[in-house]
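Structure file protein_28.cif; described as mmCIF, C-alpha atoms.
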```
data_target
#
loop_
_atom_site.label_atom_id
_atom_site.label_comp_id
_atom_site.auth_asym_id
_atom_site.auth_seq_id
_atom_site.Cartn_x
_atom_site.Cartn_y
_atom_site.Cartn_z
CA MET H 15 237.59 -33.92 -14.04
CA ASP H 16 234.80 -35.19 -11.77
CA TYR H 17 233.59 -37.46 -14.55
CA ILE H 18 237.11 -38.79 -15.15
CA ASN H 19 237.50 -39.55 -11.47
CA LEU H 20 234.13 -41.31 -11.50
CA LEU H 21 235.28 -43.48 -14.40
CA ARG H 22 238.44 -44.43 -12.50
CA THR H 23 236.42 -45.31 -9.41
CA ILE H 24 233.92 -47.35 -11.40
CA PHE H 25 236.58 -49.23 -13.35
CA ASP H 26 238.50 -50.10 -10.17
CA ALA H 27 235.28 -51.52 -8.71
CA TYR H 28 234.74 -53.49 -11.92
CA LEU H 29 238.23 -55.02 -11.77
CA THR H 30 237.57 -56.08 -8.18
CA GLU H 31 234.27 -57.67 -9.18
CA LEU H 32 235.84 -59.38 -12.18
CA ASN H 33 238.43 -60.94 -9.90
CA SER H 34 235.85 -62.27 -7.45
CA TYR H 35 234.13 -65.64 -7.26
CA GLY H 36 230.62 -66.26 -8.51
CA LEU H 37 230.79 -64.81 -12.01
CA GLU H 38 228.18 -66.10 -14.44
CA PRO H 39 228.46 -68.23 -16.45
CA SER H 40 230.38 -70.29 -13.94
CA GLY H 41 232.80 -72.96 -15.01
CA GLY H 42 235.64 -72.74 -17.44
CA TYR H 43 236.06 -72.06 -21.10
CA LEU H 44 235.84 -74.76 -23.73
CA LEU H 45 239.15 -76.56 -24.10
CA PRO H 46 241.26 -75.12 -26.92
CA TYR H 47 241.05 -77.44 -29.86
CA ASP H 48 241.10 -80.75 -27.99
CA PHE H 49 239.36 -82.33 -30.99
CA GLU H 50 242.16 -82.00 -33.54
CA GLU H 51 243.86 -85.32 -32.81
CA ALA H 52 240.62 -87.29 -33.31
CA ILE H 53 239.94 -85.55 -36.63
CA ASP H 54 243.52 -86.08 -37.81
CA ALA H 55 243.19 -89.78 -37.00
CA ARG H 56 240.62 -90.27 -39.80
CA HIS H 57 241.01 -90.44 -43.55
CA TRP H 58 238.98 -87.66 -45.17
CA ARG H 59 238.02 -87.19 -48.78
CA TYR H 60 240.78 -85.66 -50.90
CA ASP H 61 243.46 -86.59 -48.36
CA ASP H 62 245.36 -87.88 -51.39
CA GLY H 63 244.91 -84.54 -53.11
CA PRO H 64 245.77 -80.98 -51.98
CA ILE H 65 247.57 -80.89 -48.61
CA ASP H 66 248.73 -78.16 -46.29
CA ILE H 67 252.31 -77.61 -45.12
CA ASN H 68 251.81 -80.15 -42.33
CA GLY H 69 250.74 -82.85 -44.73
CA ARG H 70 247.05 -82.80 -43.82
CA GLY H 71 244.25 -82.91 -46.33
CA ILE H 72 242.13 -79.94 -47.29
CA ILE H 73 238.84 -81.41 -45.97
CA ASN H 74 240.52 -82.35 -42.71
CA ASP H 75 241.53 -78.73 -42.21
CA MET H 76 238.08 -77.43 -43.13
CA VAL H 77 236.37 -79.54 -40.47
CA LYS H 78 238.91 -78.56 -37.82
CA SER H 79 239.02 -74.85 -38.64
CA GLU H 80 235.25 -74.45 -38.54
CA LEU H 81 235.05 -76.30 -35.22
CA ARG H 82 237.79 -74.01 -33.91
CA GLU H 83 235.66 -70.99 -34.78
CA LEU H 84 232.65 -72.48 -32.97
CA THR H 85 234.89 -72.92 -29.94
CA ASN H 86 236.28 -69.39 -30.19
CA ASP H 87 232.85 -67.79 -30.53
CA LEU H 88 231.39 -69.65 -27.56
CA ASN H 89 234.41 -68.74 -25.44
CA GLN H 90 234.05 -65.07 -26.40
CA TRP H 91 230.34 -65.20 -25.53
CA HIS H 92 231.28 -66.78 -22.19
CA GLN H 93 233.75 -63.99 -21.47
CA SER H 94 231.34 -61.23 -22.51
CA LEU H 95 228.58 -62.61 -20.30
CA GLN H 96 230.91 -62.62 -17.30
CA ARG H 97 231.75 -58.97 -17.96
CA TRP H 98 228.07 -58.14 -18.36
CA TYR H 99 227.43 -59.77 -14.98
CA ALA H 100 230.25 -57.83 -13.33
CA TRP H 101 229.19 -54.49 -14.79
CA ASN H 102 225.56 -55.03 -13.76
CA LYS H 103 226.67 -55.43 -10.16
CA VAL H 104 229.02 -52.44 -10.25
CA LEU H 105 226.54 -50.07 -11.92
CA GLN H 106 223.45 -51.12 -9.98
CA PRO H 107 223.88 -48.44 -7.25
CA TYR H 108 223.87 -45.73 -9.93
CA ASN H 109 220.54 -46.73 -11.47
CA THR H 110 218.68 -44.11 -9.42
CA ASP H 111 220.47 -41.39 -11.38
CA GLU H 112 219.27 -41.98 -14.94
CA VAL H 113 221.68 -39.55 -16.59
CA LYS H 114 224.75 -40.83 -14.77
CA ALA H 115 223.69 -44.47 -15.28
CA TRP H 116 223.15 -43.86 -19.00
CA HIS H 117 226.64 -42.38 -19.39
CA LEU H 118 228.26 -45.24 -17.48
CA ARG H 119 226.44 -47.92 -19.45
CA ARG H 120 227.49 -46.28 -22.69
CA GLU H 121 231.07 -45.99 -21.48
CA PHE H 122 231.52 -49.53 -20.21
CA LEU H 123 228.65 -51.98 -20.61
CA GLU H 124 226.73 -51.63 -23.85
CA PRO H 125 229.32 -53.18 -26.22
CA PHE H 126 229.23 -56.43 -24.21
CA VAL H 127 225.43 -56.43 -24.08
CA PHE H 128 225.10 -55.71 -27.79
CA TYR H 129 227.48 -58.55 -28.64
CA CYS H 130 225.77 -61.05 -26.33
CA LEU H 131 222.26 -60.26 -27.53
CA PHE H 132 223.29 -60.98 -31.11
CA GLN H 133 224.83 -64.35 -30.27
CA PRO H 134 221.77 -66.64 -30.00
CA SER H 135 220.69 -65.91 -33.57
CA SER H 136 224.18 -65.99 -35.06
CA SER H 137 225.13 -69.10 -33.07
CA ARG H 138 222.10 -71.02 -34.29
CA ASP H 139 222.94 -70.21 -37.91
CA ARG H 140 226.64 -70.87 -37.33
CA PHE H 141 225.94 -74.31 -35.88
CA THR H 142 223.77 -75.15 -38.88
CA PHE H 143 226.51 -74.09 -41.28
CA VAL H 144 229.37 -75.92 -39.53
CA VAL H 145 227.50 -79.16 -38.81
CA THR H 146 226.19 -79.31 -42.38
CA ASN H 147 229.69 -78.95 -43.82
CA ALA H 148 231.30 -81.53 -41.54
CA MET H 149 228.62 -84.21 -41.55
CA HIS H 150 228.25 -83.94 -45.31
CA GLN H 151 231.94 -84.87 -45.55
CA VAL H 152 231.43 -87.74 -43.10
CA ARG H 153 228.62 -89.17 -45.18
CA LEU H 154 230.74 -88.93 -48.32
CA MET H 155 233.25 -91.21 -46.61
CA VAL H 156 230.91 -93.75 -44.99
CA GLU H 157 227.99 -94.08 -47.43
CA ASN H 158 228.23 -95.57 -50.90
CA GLY H 159 226.33 -93.59 -53.50
CA TYR H 160 226.07 -90.43 -51.41
CA GLN H 161 226.51 -87.44 -53.71
CA ASP H 162 228.67 -84.38 -53.12
CA TYR H 163 225.74 -82.01 -53.46
CA LEU H 164 223.86 -79.91 -50.94
CA GLU H 165 220.31 -78.71 -51.53
CA GLY H 166 220.31 -75.09 -52.65
CA GLU H 167 223.60 -75.24 -54.53
CA PRO H 168 223.42 -74.27 -58.22
CA LYS H 169 223.02 -77.13 -60.66
CA THR H 170 223.54 -75.17 -63.88
CA PRO H 171 225.65 -72.17 -65.00
CA ASP H 172 222.45 -70.11 -65.22
CA GLU H 173 221.64 -70.83 -61.59
CA LEU H 174 225.16 -69.79 -60.68
CA LYS H 175 224.51 -66.34 -62.14
CA LYS H 176 221.37 -65.90 -60.02
CA PRO H 177 222.00 -67.83 -56.80
CA LYS H 178 219.10 -68.62 -54.51
CA TYR H 179 219.77 -68.41 -50.80
CA LEU H 180 218.00 -70.76 -48.44
CA THR H 181 216.14 -69.43 -45.43
CA ARG H 182 217.06 -70.55 -41.93
CA ARG H 183 214.13 -72.95 -41.93
CA LYS H 184 215.22 -74.53 -45.22
CA LYS H 185 218.84 -74.86 -44.08
CA GLU H 186 217.76 -76.53 -40.85
CA GLU H 187 215.44 -78.89 -42.72
CA ARG H 188 218.35 -79.80 -44.99
CA LEU H 189 220.56 -80.41 -41.96
CA SER H 190 217.89 -82.50 -40.27
CA ARG H 191 217.69 -84.82 -43.30
CA LEU H 192 221.48 -84.94 -43.58
CA ILE H 193 222.09 -86.13 -40.01
CA SER H 194 218.90 -88.17 -39.57
CA ILE H 195 220.81 -91.43 -40.15
CA TRP H 196 222.32 -91.05 -36.65
CA PRO H 197 220.23 -91.01 -33.43
CA GLU H 198 222.60 -88.31 -32.22
CA GLY H 199 221.48 -86.21 -35.17
CA THR H 200 217.90 -86.12 -33.90
CA GLU H 201 219.16 -85.13 -30.46
CA LEU H 202 221.27 -82.35 -31.96
CA MET H 203 218.37 -80.88 -33.94
CA ALA H 204 216.25 -80.75 -30.78
CA LEU H 205 219.04 -78.84 -29.02
CA LEU H 206 219.57 -76.49 -31.96
CA ARG H 207 215.91 -75.46 -32.02
CA THR H 208 216.03 -74.33 -28.41
CA ILE H 209 218.47 -71.56 -29.37
CA ASP H 210 217.00 -68.20 -30.42
CA ASP H 211 213.48 -69.56 -29.89
CA GLU H 212 210.31 -67.47 -29.83
CA ALA H 213 210.27 -67.25 -26.03
CA TYR H 214 213.75 -65.70 -26.02
CA LYS H 215 212.83 -63.22 -28.74
CA LYS H 216 209.85 -62.14 -26.67
CA GLU H 217 211.96 -61.82 -23.52
CA THR H 218 214.39 -59.51 -25.33
CA SER H 219 211.79 -57.63 -27.42
CA ASP H 220 213.29 -59.14 -30.57
CA TYR H 221 216.40 -57.05 -29.94
CA ARG H 222 218.67 -58.66 -32.53
CA ASN H 223 216.18 -58.54 -35.38
CA LEU H 224 214.98 -54.99 -34.73
CA HIS H 225 218.51 -53.62 -34.33
CA SER H 226 219.55 -55.36 -37.55
CA HIS H 227 216.75 -53.94 -39.66
CA ILE H 228 214.96 -50.96 -38.06
CA ILE H 229 215.14 -49.47 -34.54
CA GLY H 230 215.55 -51.82 -31.61
CA PRO H 231 214.93 -51.33 -27.89
CA GLN H 232 217.28 -49.29 -25.76
CA LEU H 233 219.18 -50.69 -22.80
CA GLY H 234 218.08 -49.64 -19.34
CA VAL H 235 216.30 -46.40 -20.20
CA GLY H 236 214.43 -44.83 -23.12
CA HIS H 237 211.39 -45.79 -25.19
CA VAL H 238 211.61 -45.97 -29.00
CA ARG H 239 209.05 -45.99 -31.81
CA SER H 240 206.29 -44.24 -29.87
CA ILE H 241 204.71 -43.16 -33.14
CA VAL H 242 203.92 -45.95 -35.55
CA ARG H 243 202.85 -45.87 -39.19
CA SER H 244 200.49 -48.59 -40.36
CA VAL H 245 198.35 -49.33 -43.39
CA SER H 246 194.77 -50.49 -43.02
CA GLU H 247 191.54 -50.68 -44.96
CA HIS H 248 189.63 -47.40 -45.15
CA THR H 249 186.16 -47.35 -43.63
CA THR H 250 183.27 -44.90 -43.79
CA MET H 251 180.11 -44.44 -41.77
CA ILE H 252 176.99 -45.55 -43.66
CA LYS H 253 173.53 -44.59 -42.44
CA GLN H 254 171.29 -47.59 -41.75
CA PRO H 255 167.50 -47.80 -42.36
CA ASN H 256 166.86 -47.48 -38.61
CA GLY H 257 168.74 -44.19 -38.50
CA THR H 258 171.97 -45.50 -36.96
CA TYR H 259 175.39 -45.47 -38.63
CA ARG H 260 177.66 -48.42 -39.18
CA LYS H 261 181.39 -48.43 -40.00
CA THR H 262 181.72 -49.99 -43.45
CA PRO H 263 184.91 -50.97 -45.36
CA THR H 264 185.43 -49.17 -48.68
CA GLY H 265 187.97 -51.59 -50.19
CA LYS H 266 190.66 -48.90 -50.24
CA MET H 267 193.90 -49.01 -48.24
CA VAL H 268 195.12 -45.92 -46.41
CA PRO H 269 198.10 -45.18 -44.15
CA SER H 270 197.58 -44.04 -40.58
CA TYR H 271 199.81 -42.72 -37.82
CA GLY H 272 199.22 -43.33 -34.16
CA PHE H 273 200.68 -42.78 -30.73
CA GLY H 274 201.44 -45.78 -28.59
CA TYR H 275 203.54 -46.90 -25.67
CA GLY H 276 206.43 -47.65 -28.01
CA THR H 277 209.08 -50.26 -27.33
CA PRO H 278 210.27 -50.07 -23.71
CA PRO H 279 213.94 -50.44 -22.78
CA LEU H 280 215.33 -53.83 -21.80
CA ASP H 281 215.92 -54.50 -18.16
CA LEU H 282 219.63 -55.30 -18.15
CA GLU H 283 219.43 -58.00 -15.50
CA GLU H 284 216.40 -59.76 -16.98
CA ALA H 285 218.00 -59.64 -20.43
CA ARG H 286 221.26 -61.01 -19.02
CA LEU H 287 219.53 -63.98 -17.41
CA ALA H 288 217.65 -64.75 -20.65
CA ASN H 289 220.89 -64.52 -22.64
CA LEU H 290 222.74 -66.67 -20.10
CA GLU H 291 220.19 -69.44 -20.62
CA GLN H 292 220.72 -69.16 -24.38
CA TYR H 293 224.47 -69.50 -23.87
CA ARG H 294 223.95 -72.65 -21.83
CA ARG H 295 221.79 -74.11 -24.58
CA ALA H 296 224.47 -73.27 -27.15
CA ARG H 297 227.06 -75.07 -25.01
CA GLU H 298 224.77 -78.13 -24.94
CA CYS H 299 224.44 -77.90 -28.71
CA TYR H 300 228.24 -77.74 -29.02
CA VAL H 301 228.58 -80.89 -26.92
CA GLY H 302 225.87 -82.53 -29.04
CA TYR H 303 227.75 -81.72 -32.23
CA ARG H 304 231.01 -83.07 -30.86
CA LYS H 305 229.18 -86.28 -29.91
CA LEU H 306 227.61 -86.57 -33.38
CA LEU H 307 230.93 -85.92 -35.12
CA ALA H 308 232.69 -88.55 -33.00
CA VAL H 309 230.04 -91.15 -33.82
CA GLY H 310 230.20 -90.31 -37.51
CA MET H 311 233.99 -90.55 -37.60
CA GLU H 312 233.97 -93.99 -35.97
CA ALA H 313 232.81 -95.46 -39.30
CA MET H 314 235.46 -93.61 -41.31
CA PRO H 315 238.73 -95.29 -42.32
CA PRO H 316 241.82 -94.45 -40.29
CA ALA H 317 244.30 -91.91 -41.62
CA ARG H 318 246.93 -93.33 -43.91
#
```

For this file, write the structure as structure tokens.
Amino acid sequence: MDYINLLRTIFDAYLTELNSYGLEPSGGYLLPYDFEEAIDARHWRYDDGPIDINGRGIINDMVKSELRELTNDLNQWHQSLQRWYAWNKVLQPYNTDEVKAWHLRREFLEPFVFYCLFQPSSSRDRFTFVVTNAMHQVRLMVENGYQDYLEGEPKTPDELKKPKYLTRRKKEERLSRLISIWPEGTELMALLRTIDDEAYKKETSDYRNLHSHIIGPQLGVGHVRSIVRSVSEHTTMIKQPNGTYRKTPTGKMVPSYGFGYGTPPLDLEEARLANLEQYRRARECYVGYRKLLAVGMEAMPPAR
């Protein structure tokens, strides 16, 4: 019963904090789909072919729907960061009691933190996917001789059976070439590469990657992976003519196990500030994409 009462007290404090001024990120959400009219005003490939129930073409809807999802995801990240900020303030007085703080973080905070820490990596890849799809369609409409083919797509039935998936680096190189005909494309690529950069991975102990594939750092308290297995070249001590011994490689590989400091937990406020900066960069990238798309569509014919 005491724990239940504590949860009620904590949640009431959270609601008060959530309703206060000064939440981060400040500012409002992205406007809901304020781009649709501009996209509908242009004639897209296949507009004379399959149409939806509102009479719009299939490519038109693809460009709009994927931009909607970018908008939705950034707005959800915005909301989750504000809740992370509020919970950090509410739970800060309990940090001196590690057990109680751990329970409260698990109860209220960790789902928001987990979601936010995954967003820089997924947003970078999502931007690459969406911008590639849309600007490829723009080039099909404005450039004579431009082919409806994207690098990495299968060219033969045999390749279709064993598809090859491009790495992030290859996809971004493909995108860079695709949008290089516009100055805004160069600006966008520069913005894209600031998201999920090496500095951020270091600040968050590569949280997203480690939690996706092995064991990632804890939040607030608890070290992980204090014992590490590694493989190295075996050495032996060989006596030298002067009577001393020297460590000499044998050419054989052997596993070894060692104690270490392990991966320390993330400081929740430091991680929040690092993630907040990534969100701001993603918002700049979103604005850059909208600018690039608008410039590209200017050269497209008007809708019929």

Task: Straight-line distance linking atom CA of Ile195 of chain H with atom CA of Val152 of chain H, stated in Å to one decimal - done: 11.6 Å

Open item on the list: Which residues are near Thr30 of chain H? Cut-off 12 Å, all atoms listed in the file, ignore same chain within fewer than 6 positions. Put them as a ChimeraX atom specification.
Closed with: /H:23-24,37,97,100-101,103-104

Task: Which of H:Asn74, H:Gln93, H:Thr146, H:Thr85 sits closest to Pro39 of chain H [using all atoms listed in the file] - done: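 Nearest to Pro39 of chain H: H:Gln93.
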
Give me, as CSV, each residue of segment 40-113 of chain H that comes within 10 Å of segment 273-294 of chain H, together with its shortest interatomic pair and the distance in Å at one decimal, counting all atoms listed in the file, with rows ordered by chain and rising residue number.
```
residue,atom,partner,partner_atom,distance
H:Leu88,CA,H:Tyr293,CA,7.8
H:Trp91,CA,H:Tyr293,CA,7.5
H:His92,CA,H:Tyr293,CA,7.5
H:Leu95,CA,H:Leu290,CA,7.1
H:Gln96,CA,H:Leu290,CA,9.5
H:Trp98,CA,H:Arg286,CA,7.4
H:Tyr99,CA,H:Arg286,CA,7.5
H:Asn102,CA,H:Glu283,CA,7.0
H:Lys103,CA,H:Glu283,CA,9.4
H:Gln106,CA,H:Glu283,CA,9.7
```

Using all atoms listed in the file, which residues of segment 55-160 of chain H come within 10 Å of segment 171-191 of chain H, and what is the closest atom pair for each, with the distance in Å to one decimal? Give it as a Markdown table, sorted by chain and residue number.
```
| residue | atom | partner | partner_atom | distance |
| --- | --- | --- | --- | --- |
| H:Arg138 | CA | H:Arg182 | CA | 9.2 |
| H:Asp139 | CA | H:Arg182 | CA | 7.1 |
| H:Phe141 | CA | H:Glu186 | CA | 9.8 |
| H:Thr142 | CA | H:Glu186 | CA | 6.5 |
| H:Phe143 | CA | H:Lys185 | CA | 8.2 |
| H:Val145 | CA | H:Leu189 | CA | 7.7 |
| H:Thr146 | CA | H:Leu189 | CA | 5.8 |
| H:Asn147 | CA | H:Leu189 | CA | 9.4 |
| H:Met149 | CA | H:Leu189 | CA | 8.9 |
| H:His150 | CA | H:Leu189 | CA | 9.1 |
```

Task: Residue nearest Glu312 of chain H among H:Ile53, H:Ala204, H:Leu123, H:Leu81 (counting all atoms listed in the file) - done: H:Ile53

Give me the residues near Arg56 of chain H as a CSV table (one decimal) with C-alpha atoms, in the coordinates of the input, where near means some atom within 10 Å (using only C-alpha atoms) and where sequence neighbours in that chain fewer than 6 positions away do not count.
```csv
chain,number,residue,atom,x,y,z
H,74,ASN,CA,240.5,-82.4,-42.7
H,311,MET,CA,234.0,-90.6,-37.6
H,312,GLU,CA,234.0,-94.0,-36.0
H,313,ALA,CA,232.8,-95.5,-39.3
H,314,MET,CA,235.5,-93.6,-41.3
H,315,PRO,CA,238.7,-95.3,-42.3
H,316,PRO,CA,241.8,-94.4,-40.3
H,317,ALA,CA,244.3,-91.9,-41.6
H,318,ARG,CA,246.9,-93.3,-43.9
```

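Across the model, the gap from atom CA of Val156 of chain H to atom CA of Gly199 of chain H is 15.6 Å.
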
TODO: Scan for residues within 10 Å of the point (227.6, -89.1, -31.8) in the coordinates of the file, using all atoms listed in the file, and reply as a list in words.
DONE: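 Taken together, the residues in range are Trp196, Pro197, Glu198, Gly199, Glu201, Leu202, Val301, Gly302, Tyr303, Arg304, Lys305, Leu306, Leu307, Ala308, Val309, Gly310, Met311 and Glu312 of chain H.
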
- [ ] Rounded to one decimal place, report the atom CA of Gln151 of chain H-atom CA of Glu50 of chain H distance in Å.
- [x] 16.0 Å

Task: Selection near Thr250 of chain H, 9 Å with all atoms listed in the file, sequence-local residues under 4 positions removed, as an NGL selection string - done: :H and (260-264)

- [ ] Compare H:Gly42, H:Pro134, H:Gly265, H:Gly159 by their minimum atom-to-atom distance to Ala296 of chain H, counting all atoms listed in the file, and give me the closest one.
- [x] H:Pro134

Pick out the residues sitting within 12 Å of Ser226 of chain H, and hand them over as an mmCIF file with C-alpha atoms, in the frame of the given file; count all atoms listed in the file, and ignore anything fewer than 6 positions along from it in its own chain.
```
data_model
loop_
_atom_site.group_PDB
_atom_site.id
_atom_site.type_symbol
_atom_site.label_atom_id
_atom_site.label_comp_id
_atom_site.auth_asym_id
_atom_site.auth_seq_id
_atom_site.Cartn_x
_atom_site.Cartn_y
_atom_site.Cartn_z
ATOM 1 C CA PHE H 128 225.100 -55.710 -27.790
ATOM 2 C CA LEU H 131 222.260 -60.260 -27.530
ATOM 3 C CA PHE H 132 223.290 -60.980 -31.110
ATOM 4 C CA SER H 135 220.690 -65.910 -33.570
ATOM 5 C CA SER H 136 224.180 -65.990 -35.060
ATOM 6 C CA ASP H 220 213.290 -59.140 -30.570
#
```

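When all atoms listed in the file are used to measure the gap to Glu83 of chain H, the shortest distance among H:Asn19, H:Gln254, H:Thr170, H:Ser137 belongs to H:Ser137.
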
Around all listed atoms of segment 254-258 of chain H, padded 5 Å per side, what centre and edge lengths does the axis-aligned box have in Å to one decimal, as JSON?
```
{"center_x": 169.4, "center_y": -46.0, "center_z": -39.7, "size_x": 15.1, "size_y": 13.6, "size_z": 15.4}
```

Please complete segment 47-55 of chain H with all heavy atoms and give it back as a tab-separated table (two decimals), in the coordinates of the input.
```tsv
chain	number	residue	atom	x	y	z
H	47	TYR	N	240.74	-76.55	-28.74
H	47	TYR	CA	241.05	-77.44	-29.86
H	47	TYR	C	241.46	-78.85	-29.43
H	47	TYR	O	242.38	-79.45	-30.00
H	47	TYR	CB	242.13	-76.84	-30.76
H	47	TYR	CG	241.94	-75.36	-31.01
H	47	TYR	CD1	243.03	-74.53	-31.23
H	47	TYR	CD2	240.67	-74.79	-31.02
H	47	TYR	CE1	242.86	-73.16	-31.47
H	47	TYR	CE2	240.49	-73.43	-31.25
H	47	TYR	CZ	241.59	-72.62	-31.47
H	47	TYR	OH	241.41	-71.28	-31.69
H	48	ASP	N	240.79	-79.41	-28.44
H	48	ASP	CA	241.10	-80.75	-27.99
H	48	ASP	C	240.55	-81.82	-28.92
H	48	ASP	O	240.68	-83.01	-28.65
H	48	ASP	CB	240.56	-80.98	-26.57
H	48	ASP	CG	239.05	-80.87	-26.49
H	48	ASP	OD1	238.47	-80.16	-27.33
H	48	ASP	OD2	238.46	-81.49	-25.59
H	49	PHE	N	239.97	-81.40	-30.03
H	49	PHE	CA	239.36	-82.33	-30.99
H	49	PHE	C	240.27	-82.64	-32.17
H	49	PHE	O	239.96	-83.50	-32.99
H	49	PHE	CB	238.06	-81.71	-31.53
H	49	PHE	CG	238.20	-80.25	-31.89
H	49	PHE	CD1	238.78	-79.85	-33.08
H	49	PHE	CD2	237.74	-79.27	-31.02
H	49	PHE	CE1	238.93	-78.52	-33.40
H	49	PHE	CE2	237.87	-77.92	-31.33
H	49	PHE	CZ	238.46	-77.55	-32.52
H	50	GLU	N	241.37	-81.92	-32.30
H	50	GLU	CA	242.16	-82.00	-33.54
H	50	GLU	C	242.77	-83.39	-33.75
H	50	GLU	O	242.80	-83.89	-34.87
H	50	GLU	CB	243.24	-80.93	-33.53
H	50	GLU	CG	242.67	-79.52	-33.60
H	50	GLU	CD	243.73	-78.49	-33.93
H	50	GLU	OE1	244.92	-78.86	-34.02
H	50	GLU	OE2	243.36	-77.32	-34.12
H	51	GLU	N	243.22	-84.01	-32.68
H	51	GLU	CA	243.86	-85.32	-32.81
H	51	GLU	C	242.87	-86.36	-33.35
H	51	GLU	O	243.23	-87.17	-34.22
H	51	GLU	CB	244.42	-85.77	-31.46
H	51	GLU	CG	245.20	-87.07	-31.53
H	51	GLU	CD	245.81	-87.44	-30.20
H	51	GLU	OE1	245.91	-86.56	-29.32
H	51	GLU	OE2	246.20	-88.62	-30.03
H	52	ALA	N	241.64	-86.32	-32.85
H	52	ALA	CA	240.62	-87.29	-33.31
H	52	ALA	C	240.29	-87.08	-34.77
H	52	ALA	O	240.11	-88.05	-35.53
H	52	ALA	CB	239.36	-87.17	-32.45
H	53	ILE	N	240.23	-85.83	-35.22
H	53	ILE	CA	239.94	-85.55	-36.63
H	53	ILE	C	241.12	-85.96	-37.50
H	53	ILE	O	240.94	-86.55	-38.58
H	53	ILE	CB	239.59	-84.05	-36.81
H	53	ILE	CG1	238.29	-83.73	-36.08
H	53	ILE	CG2	239.47	-83.71	-38.30
H	53	ILE	CD1	237.93	-82.26	-36.06
H	54	ASP	N	242.34	-85.70	-37.04
H	54	ASP	CA	243.52	-86.08	-37.81
H	54	ASP	C	243.67	-87.60	-37.93
H	54	ASP	O	244.34	-88.09	-38.83
H	54	ASP	CB	244.78	-85.51	-37.15
H	54	ASP	CG	244.94	-84.02	-37.39
H	54	ASP	OD1	244.35	-83.52	-38.37
H	54	ASP	OD2	245.64	-83.37	-36.60
H	55	ALA	N	243.05	-88.32	-37.00
H	55	ALA	CA	243.19	-89.78	-37.00
H	55	ALA	C	242.33	-90.46	-38.06
H	55	ALA	O	242.44	-91.68	-38.25
H	55	ALA	CB	242.82	-90.34	-35.62
```
